[in-house]
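The structure under discussion appears below in the form of structure tokens.
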Amino acid sequence: MLRQNFQQKLLQKLSPQQIQLMKLLQLPTIALEQRIKEELELNPAMEEGPEEDEKDVDANDDNELETEDTSEENERQDDEFDMSDYMDDDDDSEYKYNANNSSADDDKKEIPYASGPTFQELLEQQLGLKEISDNEYQIASYLIGNIDEDGYLRRDLESIVDDIAFSQNISTTKEELEKLLHIIQTFDPAGVGARNLQECLLLQLKRKEPQSFIIETAIKVVDKQMEEFSKKHYEKIAKYLEIDDEEIFKEVIEEITKLNPRPGSSLADSQKSVQQVIPDFTLTNTDGILEVTLNSRNAPELRVSGAYAEMLNTYSKSKDKSSKDAVMFVKQKIDSARGFIDAIKQRQHTLLYTMNAILQYQYNFFLEGDETKLKPMILKDIAERVGLDISTVSRVVNSKYVQTSFGTFLLKSFFSESMATDSGEEVSTREVKKILEDCISAENKKKPLTDDALTKILKEKGYTIARRTVAKYREQLEIPVARMRKEV
């Protein structure tokens, strides 16, 4: 049985303009530049350039007034085609947005990047100097292709034998691969072609000249006591070597620790592209007065194309009904350009407004850069100050950097939870981590501080936290446990 009834619902929907603004807010500077470039390519009604002079603006005003008169005349002639639906009374000059924090005289420095052969290509160049057959060269090249960027051959030779048979149609044996691998292991950098860390260190030690007592003892440690060395059980190693002289033992351990566990990294890392951090904000300190400015790359000079505005004026004067589609197309492009420019303008306002709120909240920190002066701060604190939603503030601080006189920081790093001291004062967890880091850096490396010892030190300073919390903070700081920090 059909029924009719009334329902009242409260719905909240984002407009296309709001969705566009939210997407632009979360973009860092580099991504914003790419987004603007894409929009310029897609929408011919938007273009880059400085604001037009007053004569051009006055001319646009006269054209707009003339367009309004023409629109009224067309309305009287044809009721079905109302130009007032497609034309706005807004002045074109309002669509333009000009950045005033950059000039043509600014010194724009570019960082050159060097490019060269890859890690595998360098190994193949050395392979070309060896007197081997064409068949062996092809097999050795395949082996080099299986060496990773750290310089290790992590696949077992039996699998490589099968792969060469299927992919290269070459029949070989494990013994032949071993022979060619030993040749590759003589290449630079020392240790390349090793199948594990132990073999990598041994290759480096055996290449050292002359083979002194220290080097021979270090080879013995790596060959026979690798597990104990990796766990830093130095007492067991000294007992095995029967070395009573502490200085000699220290030299042996130092000889091993200064080896490169990733021989390929010295070459592979140089081939990787360097990602330069471009700050979104710049903080300046002028005699104790802090001021935040937006990076000029976040304030591009955009405007509605004058040609498209003139095109719309031309079509609006036409009495031909077939021009209606052209008017709608041009008007749609102009509206889209105006919406994008307004979204960019609103993005800049929101970024500055939010960054200034963070600046005022953490003013003492930004004055000196002392992390112990960071106040506990969560997204809700800033959202309440700026009158925005927490999700909006989250988008603003996402992947955004601020440049200060004491370094460039990710905005997210200023947010931290709070904890209470013995005196009842609320402090940031960043402050506790900084104290923890300072304690570990000043410890005696022969007897590093355990988590229990660190807990007692923090308690003496007024920070009563559990040992497991200290361990969590230590891990977040990427600091190993006490045993792994021990030195001879």
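Labels used: A, B, ... for chains in the order of the structure tokens, numbers from 1 for residues in each chain, and numbers from 1 for ligands as shown.
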* Quick one: everything within 12 Å of Arg35 of chain A, counting only C-alpha atoms, minus sequence neighbours fewer than 3 positions away in the same chain. Send it as a list in words. =>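 Final neighbour list, sorted by chain and number: Gln20, Lys23, Leu24, Leu25, Gln26, Leu27, Pro28, Thr29, Ile30, Ala31, Leu32, Glu38, Glu39, Leu40, Glu41, Leu42, Asn298, Pro300, Phe340 and Ile344 of chain A.
In the backbone-derived DSSP annotation, strand (DSSP E) within segment 237-376 of chain A comprises A:Phe281, A:Thr282, A:Leu283, A:Thr284, A:Asn285, A:Thr286, A:Ile289, A:Leu290, A:Glu291, A:Val292, A:Thr293, A:Leu294, A:Leu302, A:Arg303, A:Val304.
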Okay, now the selection with N, CA, C and O atoms, as an mmCIF file, in the first residue's frame?
```
data_model
loop_
_atom_site.group_PDB
_atom_site.id
_atom_site.type_symbol
_atom_site.label_atom_id
_atom_site.label_comp_id
_atom_site.auth_asym_id
_atom_site.auth_seq_id
_atom_site.Cartn_x
_atom_site.Cartn_y
_atom_site.Cartn_z
ATOM 1 N N PHE A 281 56.481 29.248 4.006
ATOM 2 C CA PHE A 281 56.479 30.493 4.771
ATOM 3 C C PHE A 281 57.911 30.878 5.114
ATOM 4 O O PHE A 281 58.792 30.023 5.213
ATOM 5 N N THR A 282 58.115 32.164 5.280
ATOM 6 C CA THR A 282 59.409 32.678 5.743
ATOM 7 C C THR A 282 59.177 33.509 6.997
ATOM 8 O O THR A 282 58.339 34.427 6.995
ATOM 9 N N LEU A 283 59.893 33.159 8.061
ATOM 10 C CA LEU A 283 59.755 33.868 9.331
ATOM 11 C C LEU A 283 60.978 34.753 9.540
ATOM 12 O O LEU A 283 62.107 34.276 9.524
ATOM 13 N N THR A 284 60.756 36.034 9.733
ATOM 14 C CA THR A 284 61.852 36.983 9.962
ATOM 15 C C THR A 284 61.726 37.573 11.359
ATOM 16 O O THR A 284 60.622 37.820 11.849
ATOM 17 N N ASN A 285 62.878 37.771 11.976
ATOM 18 C CA ASN A 285 62.941 38.341 13.315
ATOM 19 C C ASN A 285 63.669 39.683 13.233
ATOM 20 O O ASN A 285 64.877 39.738 13.013
ATOM 21 N N THR A 286 62.920 40.764 13.398
ATOM 22 C CA THR A 286 63.489 42.107 13.340
ATOM 23 C C THR A 286 63.429 42.738 14.722
ATOM 24 O O THR A 286 62.377 43.216 15.163
ATOM 25 N N ILE A 289 60.739 41.368 16.841
ATOM 26 C CA ILE A 289 59.403 41.399 16.236
ATOM 27 C C ILE A 289 59.363 40.349 15.129
ATOM 28 O O ILE A 289 60.106 40.433 14.150
ATOM 29 N N LEU A 290 58.501 39.350 15.296
ATOM 30 C CA LEU A 290 58.407 38.252 14.335
ATOM 31 C C LEU A 290 57.350 38.558 13.283
ATOM 32 O O LEU A 290 56.272 39.068 13.593
ATOM 33 N N GLU A 291 57.679 38.212 12.047
ATOM 34 C CA GLU A 291 56.746 38.452 10.940
ATOM 35 C C GLU A 291 56.799 37.273 9.982
ATOM 36 O O GLU A 291 57.881 36.789 9.637
ATOM 37 N N VAL A 292 55.624 36.829 9.551
ATOM 38 C CA VAL A 292 55.515 35.698 8.629
ATOM 39 C C VAL A 292 55.097 36.218 7.263
ATOM 40 O O VAL A 292 54.162 37.014 7.148
ATOM 41 N N THR A 293 55.799 35.769 6.228
ATOM 42 C CA THR A 293 55.413 36.093 4.857
ATOM 43 C C THR A 293 55.240 34.806 4.073
ATOM 44 O O THR A 293 55.881 33.788 4.363
ATOM 45 N N LEU A 294 54.381 34.870 3.082
ATOM 46 C CA LEU A 294 54.111 33.709 2.248
ATOM 47 C C LEU A 294 55.104 33.665 1.103
ATOM 48 O O LEU A 294 55.459 34.709 0.528
ATOM 49 N N LEU A 302 47.728 35.765 -11.567
ATOM 50 C CA LEU A 302 46.736 35.155 -12.437
ATOM 51 C C LEU A 302 45.629 36.154 -12.728
ATOM 52 O O LEU A 302 45.307 36.997 -11.889
ATOM 53 N N ARG A 303 45.033 36.042 -13.894
ATOM 54 C CA ARG A 303 43.915 36.923 -14.258
ATOM 55 C C ARG A 303 43.060 36.231 -15.310
ATOM 56 O O ARG A 303 43.489 35.259 -15.947
ATOM 57 N N VAL A 304 41.873 36.766 -15.504
ATOM 58 C CA VAL A 304 41.005 36.294 -16.567
ATOM 59 C C VAL A 304 41.498 36.874 -17.881
ATOM 60 O O VAL A 304 41.847 38.061 -17.963
#
```
* Which residue of A:Ile378, A:Ile19, A:Ala326, A:Leu153 approaches Leu181 of chain A most closely, using only C-alpha atoms -> A:Leu153
* Asked: Leu374 of chain A: which residues within 12 Å, counting only C-alpha atoms, same-chain residues fewer than 5 positions away excluded, as a list in words?
  ->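 After dropping sequence-adjacent residues, the list is Ile358, Leu359, Gln360, Tyr361, Gln362, Tyr363, Asn364, Phe365, Phe366, Leu367, Glu368, Gly369, Ser413, Phe414, Phe415, Ser416, Glu417, Ser418, Glu426, Val427, Ser428, Thr429, Arg430, Glu431, Val432, Lys433 and Lys434 of chain A.
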Show me a table, sorted first by chain and then by increasing residue number, of the residues of segment 252-369 of chain A having an atom at most 10 Å from segment 220-239 of chain A, each with its shortest atom pair and the distance in Å to one decimal, counting only C-alpha atoms and written as CSV.
```
residue,atom,partner,partner_atom,distance
A:Val252,CA,A:Val221,CA,8.6
A:Ile253,CA,A:Phe229,CA,8.8
A:Ile256,CA,A:Val222,CA,8.0
A:Thr257,CA,A:Phe229,CA,9.9
```
* To do: Pick out each residue of segment 170-247 of chain A that DSSP on the backbone tags as alpha helix (DSSP H); I need them as a ChimeraX atom specification.
  => /A:174-184,197-206,213-224,226-230,234-241,246-247
Selected residues written out, C-alpha atoms, as an mmCIF file, in the first residue's frame:
```
data_model
loop_
_atom_site.group_PDB
_atom_site.id
_atom_site.type_symbol
_atom_site.label_atom_id
_atom_site.label_comp_id
_atom_site.auth_asym_id
_atom_site.auth_seq_id
_atom_site.Cartn_x
_atom_site.Cartn_y
_atom_site.Cartn_z
ATOM 1 C CA LYS A 174 77.035 -22.507 -10.248
ATOM 2 C CA GLU A 175 80.837 -22.967 -10.267
ATOM 3 C CA GLU A 176 81.198 -20.667 -13.281
ATOM 4 C CA LEU A 177 79.027 -18.062 -11.583
ATOM 5 C CA GLU A 178 81.193 -18.295 -8.458
ATOM 6 C CA LYS A 179 84.299 -17.691 -10.576
ATOM 7 C CA LEU A 180 82.796 -14.620 -12.279
ATOM 8 C CA LEU A 181 81.415 -13.316 -8.988
ATOM 9 C CA HIS A 182 84.904 -13.405 -7.471
ATOM 10 C CA ILE A 183 86.066 -11.235 -10.390
ATOM 11 C CA ILE A 184 83.253 -8.744 -9.712
ATOM 12 C CA LEU A 197 77.280 -8.339 5.569
ATOM 13 C CA GLN A 198 79.944 -10.717 6.844
ATOM 14 C CA GLU A 199 81.316 -11.358 3.351
ATOM 15 C CA CYS A 200 81.138 -7.626 2.574
ATOM 16 C CA LEU A 201 83.284 -6.710 5.583
ATOM 17 C CA LEU A 202 85.742 -9.516 4.890
ATOM 18 C CA LEU A 203 86.214 -8.348 1.290
ATOM 19 C CA GLN A 204 87.055 -4.860 2.502
ATOM 20 C CA LEU A 205 89.446 -6.049 5.210
ATOM 21 C CA LYS A 206 91.308 -8.474 2.936
ATOM 22 C CA PHE A 213 98.228 -7.553 13.235
ATOM 23 C CA ILE A 214 95.237 -5.257 13.711
ATOM 24 C CA ILE A 215 93.853 -6.105 10.245
ATOM 25 C CA GLU A 216 94.432 -9.847 10.721
ATOM 26 C CA THR A 217 92.714 -9.754 14.106
ATOM 27 C CA ALA A 218 89.794 -7.795 12.631
ATOM 28 C CA ILE A 219 89.442 -10.453 9.909
ATOM 29 C CA LYS A 220 89.389 -13.103 12.618
ATOM 30 C CA VAL A 221 86.637 -11.261 14.517
ATOM 31 C CA VAL A 222 84.429 -10.856 11.430
ATOM 32 C CA ASP A 223 85.044 -14.429 10.301
ATOM 33 C CA LYS A 224 84.571 -16.200 13.650
ATOM 34 C CA MET A 226 80.368 -11.911 13.662
ATOM 35 C CA GLU A 227 77.270 -12.658 15.732
ATOM 36 C CA GLU A 228 78.907 -11.459 18.952
ATOM 37 C CA PHE A 229 80.195 -8.351 17.186
ATOM 38 C CA SER A 230 76.751 -7.464 15.816
ATOM 39 C CA TYR A 234 82.860 -7.079 23.397
ATOM 40 C CA GLU A 235 83.764 -8.968 26.553
ATOM 41 C CA LYS A 236 83.165 -12.301 24.821
ATOM 42 C CA ILE A 237 85.182 -11.196 21.785
ATOM 43 C CA ALA A 238 88.129 -10.036 23.908
ATOM 44 C CA LYS A 239 88.094 -13.347 25.773
ATOM 45 C CA TYR A 240 88.029 -15.310 22.491
ATOM 46 C CA LEU A 241 90.950 -13.300 21.081
ATOM 47 C CA GLU A 246 92.454 -2.483 25.878
ATOM 48 C CA GLU A 247 94.024 -0.073 23.382
#
```
* Quote the spacing between atom CA of Met377 of chain A and atom CA of Leu411 of chain A in Å to one decimal place. =>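 Straight-line distance from atom CA of Met377 of chain A to atom CA of Leu411 of chain A works out to 11.5 Å.
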* If we count only C-alpha atoms, what is near Asp188 of chain A at a cut-off of 12 Å, once residues fewer than 5 positions away on the same chain are taken out, given as a list in words? ->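 Close residues of Asp188 of chain A: Phe119, Gln120, Leu122, Leu123, Glu124, Gln125, Gln126, Leu127, Gly151, Ile183, Gly193, Leu203, Gln204, Arg207, Pro263, Gly264, Ser266 and Leu267 of chain A.
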* For Lys331 of chain A: contacts at 9 Å, only C-alpha atoms, fewer than 2 positions along chain excluded, given as an NGL selection string -> :A and (86-87 or 308-309 or 312 or 326-329 or 333-336)
Residues as selected, N, CA and C atoms, written as a PDB file, in the first residue's frame, can you do that?
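File result21.pdb, as written:
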```pdb
ATOM      1  N   TYR A  86      23.871  35.349 -18.384  1.00  0.00           N
ATOM      2  CA  TYR A  86      25.231  34.924 -18.706  1.00  0.00           C
ATOM      3  C   TYR A  86      26.272  35.980 -18.409  1.00  0.00           C
ATOM      4  N   MET A  87      25.837  37.192 -18.088  1.00  0.00           N
ATOM      5  CA  MET A  87      26.762  38.285 -17.822  1.00  0.00           C
ATOM      6  C   MET A  87      26.679  38.709 -16.366  1.00  0.00           C
ATOM      7  N   TYR A 308      39.330  36.573 -23.903  1.00  0.00           N
ATOM      8  CA  TYR A 308      38.067  35.864 -23.676  1.00  0.00           C
ATOM      9  C   TYR A 308      36.969  36.812 -23.207  1.00  0.00           C
ATOM     10  N   ALA A 309      37.332  37.805 -22.394  1.00  0.00           N
ATOM     11  CA  ALA A 309      36.349  38.791 -21.961  1.00  0.00           C
ATOM     12  C   ALA A 309      35.822  39.573 -23.163  1.00  0.00           C
ATOM     13  N   LEU A 312      33.471  37.373 -25.189  1.00  0.00           N
ATOM     14  CA  LEU A 312      32.135  37.314 -24.609  1.00  0.00           C
ATOM     15  C   LEU A 312      31.338  38.572 -24.946  1.00  0.00           C
ATOM     16  N   ALA A 326      27.993  29.425 -27.941  1.00  0.00           N
ATOM     17  CA  ALA A 326      29.322  30.026 -27.809  1.00  0.00           C
ATOM     18  C   ALA A 326      29.400  30.887 -26.560  1.00  0.00           C
ATOM     19  N   VAL A 327      28.328  31.624 -26.280  1.00  0.00           N
ATOM     20  CA  VAL A 327      28.290  32.463 -25.088  1.00  0.00           C
ATOM     21  C   VAL A 327      28.382  31.608 -23.832  1.00  0.00           C
ATOM     22  N   MET A 328      27.650  30.508 -23.815  1.00  0.00           N
ATOM     23  CA  MET A 328      27.663  29.619 -22.646  1.00  0.00           C
ATOM     24  C   MET A 328      29.041  29.014 -22.439  1.00  0.00           C
ATOM     25  N   PHE A 329      29.713  28.625 -23.536  1.00  0.00           N
ATOM     26  CA  PHE A 329      31.045  28.033 -23.424  1.00  0.00           C
ATOM     27  C   PHE A 329      32.043  29.042 -22.860  1.00  0.00           C
ATOM     28  N   LYS A 333      34.030  29.073 -19.148  1.00  0.00           N
ATOM     29  CA  LYS A 333      35.482  29.141 -18.979  1.00  0.00           C
ATOM     30  C   LYS A 333      35.877  30.330 -18.103  1.00  0.00           C
ATOM     31  N   ILE A 334      35.210  31.455 -18.285  1.00  0.00           N
ATOM     32  CA  ILE A 334      35.526  32.630 -17.482  1.00  0.00           C
ATOM     33  C   ILE A 334      35.145  32.401 -16.024  1.00  0.00           C
ATOM     34  N   ASP A 335      33.974  31.799 -15.803  1.00  0.00           N
ATOM     35  CA  ASP A 335      33.563  31.497 -14.427  1.00  0.00           C
ATOM     36  C   ASP A 335      34.516  30.525 -13.759  1.00  0.00           C
ATOM     37  N   SER A 336      34.976  29.538 -14.534  1.00  0.00           N
ATOM     38  CA  SER A 336      35.915  28.563 -13.984  1.00  0.00           C
ATOM     39  C   SER A 336      37.235  29.241 -13.617  1.00  0.00           C
TER      40      SER A 336
END
```
* **Nearest residue to Asn356 of chain A from the set A:Arg338, A:Arg385, A:Arg395, A:Lys380 (distances using only C-alpha atoms)** =>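 Ranked by minimum distance to Asn356 of chain A, first place goes to A:Arg385.
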* To do: Pick out the residues sitting within 10 Å of segment 470-473 of chain A, and hand them over as a PyMOL selection string; count only C-alpha atoms, and ignore anything fewer than 5 positions along from it in its own chain.
  => chain A and resi 429-430+432-434+436-437+450-452+454-455+458+465+478-481
